[in-house]
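Colleague: This is the structure I have questions about; it appears just below.
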Amino acid sequence: MIELLKVLVCLPFLAYSCYSDIKTRRVSNKVWPIMLGAASPFILYEMITFGLPYIFRTVISFVVIFVFVYILFMLHAFGGADAKVLMVISIILPVFPELSLGSLQLPLWGVPLLDLFTFSVFGNSVLLTIIVPLGLLLYNLLTVPPKELMKKPLYALIGYRQHIDNLEEGHFRLIEKHEETPNGVVSRFTRTGTSIDRDMILKLQGLHRKGSIGEHVWITPGLPFMIPITAGFLAAVIFGDLIFYLSFNYLMPLV
């Protein structure tokens with residue numbers, strides 16, 4: 001029961017962090033101490049109930065995750081909010097929560113050999129990064145005219161259309177670079193994206209007024225990794241360690 005409550009405590013904070021990450025590409029540092037504080041009665045209960053073995057597992061869980069995400073952060077492969085949420089989860093759920101829902105026993109695929117819940121959350125999240133492009137594709141299929149979507153099908157996996165008048169400076173980047181030539185404006189795909197600042201917004205508005213470009217441009221928010229982390233958390237609770245399961249059930253028999 002306590003493990004279920006800890007999972008339920010985490011979910012609203014993860015949901016909010018996803019919303020904030022999508023909206024602003026930032027998650028306030030205030031979220032994580034509040035999340036830890038909300039779960040602290042359950043953590044304290046288990047510390048008192050299970051004593052030193054539980055405390056030891058929690059310390060091991062936190063140290064392993066701290067070192068792991070710190071290295072990734074220093075290599076610029078990880079965001080600060082992503083690192084902090086994993087560290088908080090490592091304290092709240094140091095090992096896999098084994099939940100019984102009626103006759104159903106979670107995780108469905110059992111606990112992996114390395115019983116570090118947060119490490120599995122991270123592994124799952126890497127595997128589930130495909131959720132973001134699939135989500136963008138679904139959104140674009142519902143909002144972009146089919147004729148335009150057929151012209152730029154790959155754009156639908158990495159970004160979405162935004163009205164020029166609604167562009168804002170920030171973490172979003174243009175998928176295309178618009179260059180003025182003697183033959184008119186040429187739009188070219190740019191792999192790294194073009195930053196959106198005040199000058200760029202004014203330039204695009206000017207090109208639109210001239211009729212050189214349409215009223216929409218394609219932008220990309222980058223990868224809001226909080227979404228895969230949340231998906232990885234849910235997958236770990238329900239199924240277990242996806243990489244461990246797939247490796248031992250599908251890859252190992254082939255070796």
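Numbering starts fresh at 1 for the residues of each chain in the structure tokens, the chains themselves are lettered A, B, ... in the order given, and ligands are numbered from 1 as they appear.
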Which neighbours of stretch 62-73 of chain A fall inside 8 Å, counting only C-alpha atoms, when residues of the same chain fewer than 2 positions from it are skipped, and could you give them as a list in words?

Modeller: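 Residues meeting the cut-off are Thr58, Val59, Ile60, Leu75, His76, Ala77, Phe78, Gly79, Gly80, Ala83, Leu86, Met87, Ser90, Ile91, Pro94, Thr118 and Phe119 of chain A.
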
Colleague: Please identify all polymer residues within 8 Å of A:Glu3, counting only C-alpha atoms, omitting same-chain residues fewer than 3 positions from it, and present them as number ranges by chain.

Modeller: A: 6-7, 93, 97-99

Colleague: Selected residues, N, CA and C atoms, written as a PDB file, in the first residue's frame, please.

Modeller:
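Final output, selection.pdb:
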```
ATOM      1  N   LYS A   6       3.346   5.997  -2.873  1.00  0.00           N
ATOM      2  CA  LYS A   6       4.531   6.726  -3.346  1.00  0.00           C
ATOM      3  C   LYS A   6       4.472   6.917  -4.865  1.00  0.00           C
ATOM      4  N   VAL A   7       4.021   5.895  -5.563  1.00  0.00           N
ATOM      5  CA  VAL A   7       3.865   6.021  -7.016  1.00  0.00           C
ATOM      6  C   VAL A   7       2.837   7.092  -7.349  1.00  0.00           C
ATOM      7  N   LEU A  93      11.700   6.026  -4.462  1.00  0.00           N
ATOM      8  CA  LEU A  93      11.544   4.617  -4.843  1.00  0.00           C
ATOM      9  C   LEU A  93      12.927   4.035  -5.151  1.00  0.00           C
ATOM     10  N   PRO A  97       8.871  -0.917  -6.938  1.00  0.00           N
ATOM     11  CA  PRO A  97       7.660  -1.139  -6.151  1.00  0.00           C
ATOM     12  C   PRO A  97       6.940  -2.376  -6.673  1.00  0.00           C
ATOM     13  N   GLU A  98       6.654  -3.304  -5.812  1.00  0.00           N
ATOM     14  CA  GLU A  98       5.932  -4.514  -6.203  1.00  0.00           C
ATOM     15  C   GLU A  98       4.490  -4.346  -5.738  1.00  0.00           C
ATOM     16  N   LEU A  99       3.615  -4.129  -6.688  1.00  0.00           N
ATOM     17  CA  LEU A  99       2.233  -3.773  -6.391  1.00  0.00           C
ATOM     18  C   LEU A  99       1.289  -4.914  -6.731  1.00  0.00           C
TER      19      LEU A  99
END
```

Colleague: Using only C-alpha atoms, determine which residues lie at most 10 Å from A:Pro33, disregarding the query and same-chain residues fewer than 6 positions distant; provide the list as a list of chain:residue names.

Modeller: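 That gives A:Ala39, A:Lys84, A:Val85, A:Val88.
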
Colleague: Let's have the selection written as a PDB file, in the first residue's frame, with all heavy atoms.

Modeller:
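Final output, saved to result.pdb:
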```pdb
ATOM      1  N   ALA A  39       6.293  13.105  -0.540  1.00  0.00           N
ATOM      2  CA  ALA A  39       6.525  11.673  -0.340  1.00  0.00           C
ATOM      3  C   ALA A  39       7.222  11.356   0.971  1.00  0.00           C
ATOM      4  O   ALA A  39       7.319  10.177   1.358  1.00  0.00           O
ATOM      5  CB  ALA A  39       7.364  11.121  -1.499  1.00  0.00           C
ATOM      6  N   LYS A  84      17.531  16.178 -11.842  1.00  0.00           N
ATOM      7  CA  LYS A  84      16.955  16.360 -10.513  1.00  0.00           C
ATOM      8  C   LYS A  84      15.757  15.441 -10.275  1.00  0.00           C
ATOM      9  O   LYS A  84      15.602  14.885  -9.182  1.00  0.00           O
ATOM     10  CB  LYS A  84      16.556  17.817 -10.321  1.00  0.00           C
ATOM     11  CG  LYS A  84      17.745  18.755 -10.187  1.00  0.00           C
ATOM     12  CD  LYS A  84      17.341  20.209 -10.308  1.00  0.00           C
ATOM     13  CE  LYS A  84      18.567  21.111 -10.359  1.00  0.00           C
ATOM     14  NZ  LYS A  84      18.234  22.499 -10.675  1.00  0.00           N
ATOM     15  N   VAL A  85      14.916  15.269 -11.297  1.00  0.00           N
ATOM     16  CA  VAL A  85      13.752  14.416 -11.090  1.00  0.00           C
ATOM     17  C   VAL A  85      14.185  12.965 -10.869  1.00  0.00           C
ATOM     18  O   VAL A  85      13.609  12.248 -10.042  1.00  0.00           O
ATOM     19  CB  VAL A  85      12.755  14.520 -12.268  1.00  0.00           C
ATOM     20  CG1 VAL A  85      13.317  13.938 -13.549  1.00  0.00           C
ATOM     21  CG2 VAL A  85      11.437  13.818 -11.915  1.00  0.00           C
ATOM     22  N   VAL A  88      15.420  12.623  -7.281  1.00  0.00           N
ATOM     23  CA  VAL A  88      14.305  12.602  -6.325  1.00  0.00           C
ATOM     24  C   VAL A  88      13.597  11.245  -6.358  1.00  0.00           C
ATOM     25  O   VAL A  88      13.281  10.667  -5.315  1.00  0.00           O
ATOM     26  CB  VAL A  88      13.311  13.744  -6.628  1.00  0.00           C
ATOM     27  CG1 VAL A  88      12.034  13.581  -5.796  1.00  0.00           C
ATOM     28  CG2 VAL A  88      13.953  15.098  -6.329  1.00  0.00           C
TER      29      VAL A  88
END
```

Colleague: Within 8 Å of A:Val9, counting only C-alpha atoms, which residues qualify if same-chain residues fewer than 4 places away don't, as a list in words?

Modeller: Leu5, Phe13, Met35, Ala38 and Ala39 of chain A

Colleague: Skip A:Val217 itself and residues of its chain fewer than 4 positions away, then list as a list in words all residues within 9 Å of it, counting only C-alpha atoms.

Modeller: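 Result of the neighbour search: Tyr160, Arg161, Gln162, His163, Ile164, Leu174, Ile175, Glu176, Leu204 and Ile213 of chain A.
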
Colleague: In stretch 27-170 of chain A, what's strand (DSSP E or B) per DSSP? Answer as a ChimeraX atom specification?

Modeller: /A:99-101,104-106,160-163

Colleague: Could you check which of A:Ile22, A:Ala236, A:Leu44, A:Val95 is closest to A:Thr220, using only C-alpha atoms?

Modeller: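 Of A:Ile22, A:Ala236, A:Leu44, A:Val95, the one nearest A:Thr220, counting only C-alpha atoms, is A:Ile22.
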
Colleague: My list of candidates is A:Pro112, A:Tyr45, A:Gly184, A:Gly123. Which is closest to A:Gly211 when distances are computed with only C-alpha atoms?

Modeller: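 Of all the options, A:Gly184 lies closest to A:Gly211.
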
Colleague: Neighbouring residues of A:Gly159 were defined as those with any atom within 8 Å, considering only C-alpha atoms; residues of the same chain fewer than 3 positions away were excluded. Please report them as a ChimeraX atom specification.

Modeller: /A:136,155-156,175,218-221

Colleague: Export, as a PDB file, in the first residue's frame, the selected residues with N, CA and C atoms.

Modeller:
```pdb
ATOM      1  N   LEU A 136       4.174  14.206 -32.085  1.00  0.00           N
ATOM      2  CA  LEU A 136       4.187  15.313 -33.045  1.00  0.00           C
ATOM      3  C   LEU A 136       3.501  14.915 -34.349  1.00  0.00           C
ATOM      4  N   TYR A 155       9.057  16.804 -41.580  1.00  0.00           N
ATOM      5  CA  TYR A 155       8.863  17.895 -40.625  1.00  0.00           C
ATOM      6  C   TYR A 155       7.887  17.493 -39.527  1.00  0.00           C
ATOM      7  N   ALA A 156       6.915  16.650 -39.902  1.00  0.00           N
ATOM      8  CA  ALA A 156       5.858  16.265 -38.961  1.00  0.00           C
ATOM      9  C   ALA A 156       6.386  15.443 -37.801  1.00  0.00           C
ATOM     10  N   ILE A 175      12.698  25.188 -38.197  1.00  0.00           N
ATOM     11  CA  ILE A 175      13.213  24.020 -38.900  1.00  0.00           C
ATOM     12  C   ILE A 175      13.858  24.438 -40.220  1.00  0.00           C
ATOM     13  N   TRP A 218       7.415  26.359 -39.738  1.00  0.00           N
ATOM     14  CA  TRP A 218       7.626  25.136 -38.974  1.00  0.00           C
ATOM     15  C   TRP A 218       8.676  25.375 -37.903  1.00  0.00           C
ATOM     16  N   ILE A 219       8.349  25.012 -36.675  1.00  0.00           N
ATOM     17  CA  ILE A 219       9.294  25.166 -35.570  1.00  0.00           C
ATOM     18  C   ILE A 219       9.433  23.839 -34.839  1.00  0.00           C
ATOM     19  N   THR A 220      10.518  23.702 -34.103  1.00  0.00           N
ATOM     20  CA  THR A 220      10.729  22.504 -33.304  1.00  0.00           C
ATOM     21  C   THR A 220      11.023  22.898 -31.859  1.00  0.00           C
ATOM     22  N   PRO A 221      10.445  22.224 -30.899  1.00  0.00           N
ATOM     23  CA  PRO A 221      10.723  22.525 -29.492  1.00  0.00           C
ATOM     24  C   PRO A 221      11.937  21.791 -28.966  1.00  0.00           C
TER      25      PRO A 221
END
```

Colleague: With only C-alpha atoms as the basis for distance, which of A:Ser61, A:Asn140, A:Ser120, A:Ser212 is at the shortest distance from A:Ile229?

Modeller: A:Ser120

Colleague: Which of these, A:Gly135, A:Gly110, A:Pro145, A:Gly193, has the shortest distance to A:Asp241 once you count only C-alpha atoms?

Modeller: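 For A:Asp241, the nearest of the given residues is A:Gly110.
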
Colleague: Measuring between only C-alpha atoms, which one of A:Ile89, A:Ile227, A:Leu202, A:Val121 shows the shortest distance to A:Pro133?

Modeller: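 The closest residue to A:Pro133 is A:Ile227.
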
Colleague: Give the helix (DSSP H, G or I) residues of stretch 32-142 of chain A, as DSSP finds them on the backbone, and put them as a VMD selection string.

Modeller: chain A and resid 32 to 50 52 to 74 80 to 92 117 to 142

Colleague: Please indicate the distance in Å from atom CA of A:Glu215 to atom CA of A:Thr24, rounded to one decimal place.

Modeller: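 Separation of atom CA of A:Glu215 and atom CA of A:Thr24: 22.9 Å.
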
Colleague: Could you give me, as a PDB file with C-alpha atoms, in the first residue's frame, the residues within 8 Å of A:Leu14, counting only C-alpha atoms and dropping anything in the same chain fewer than 4 positions from it?

Modeller:
```pdb
ATOM      1  CA  CYS A  10       5.026  11.047  -8.026  1.00  0.00           C
ATOM      2  CA  CYS A  18       5.849  17.380 -18.701  1.00  0.00           C
ATOM      3  CA  MET A 226      10.553  14.933 -19.296  1.00  0.00           C
ATOM      4  CA  THR A 230       7.404  10.059 -17.284  1.00  0.00           C
TER       5      THR A 230
END
```

Colleague: Taking into account only C-alpha atoms, which residue in the set A:Lys30, A:Leu127, A:Pro41, A:Pro224 is nearest to A:Leu246?

Modeller: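 The shortest atom-to-atom distance to A:Leu246 comes from A:Leu127.
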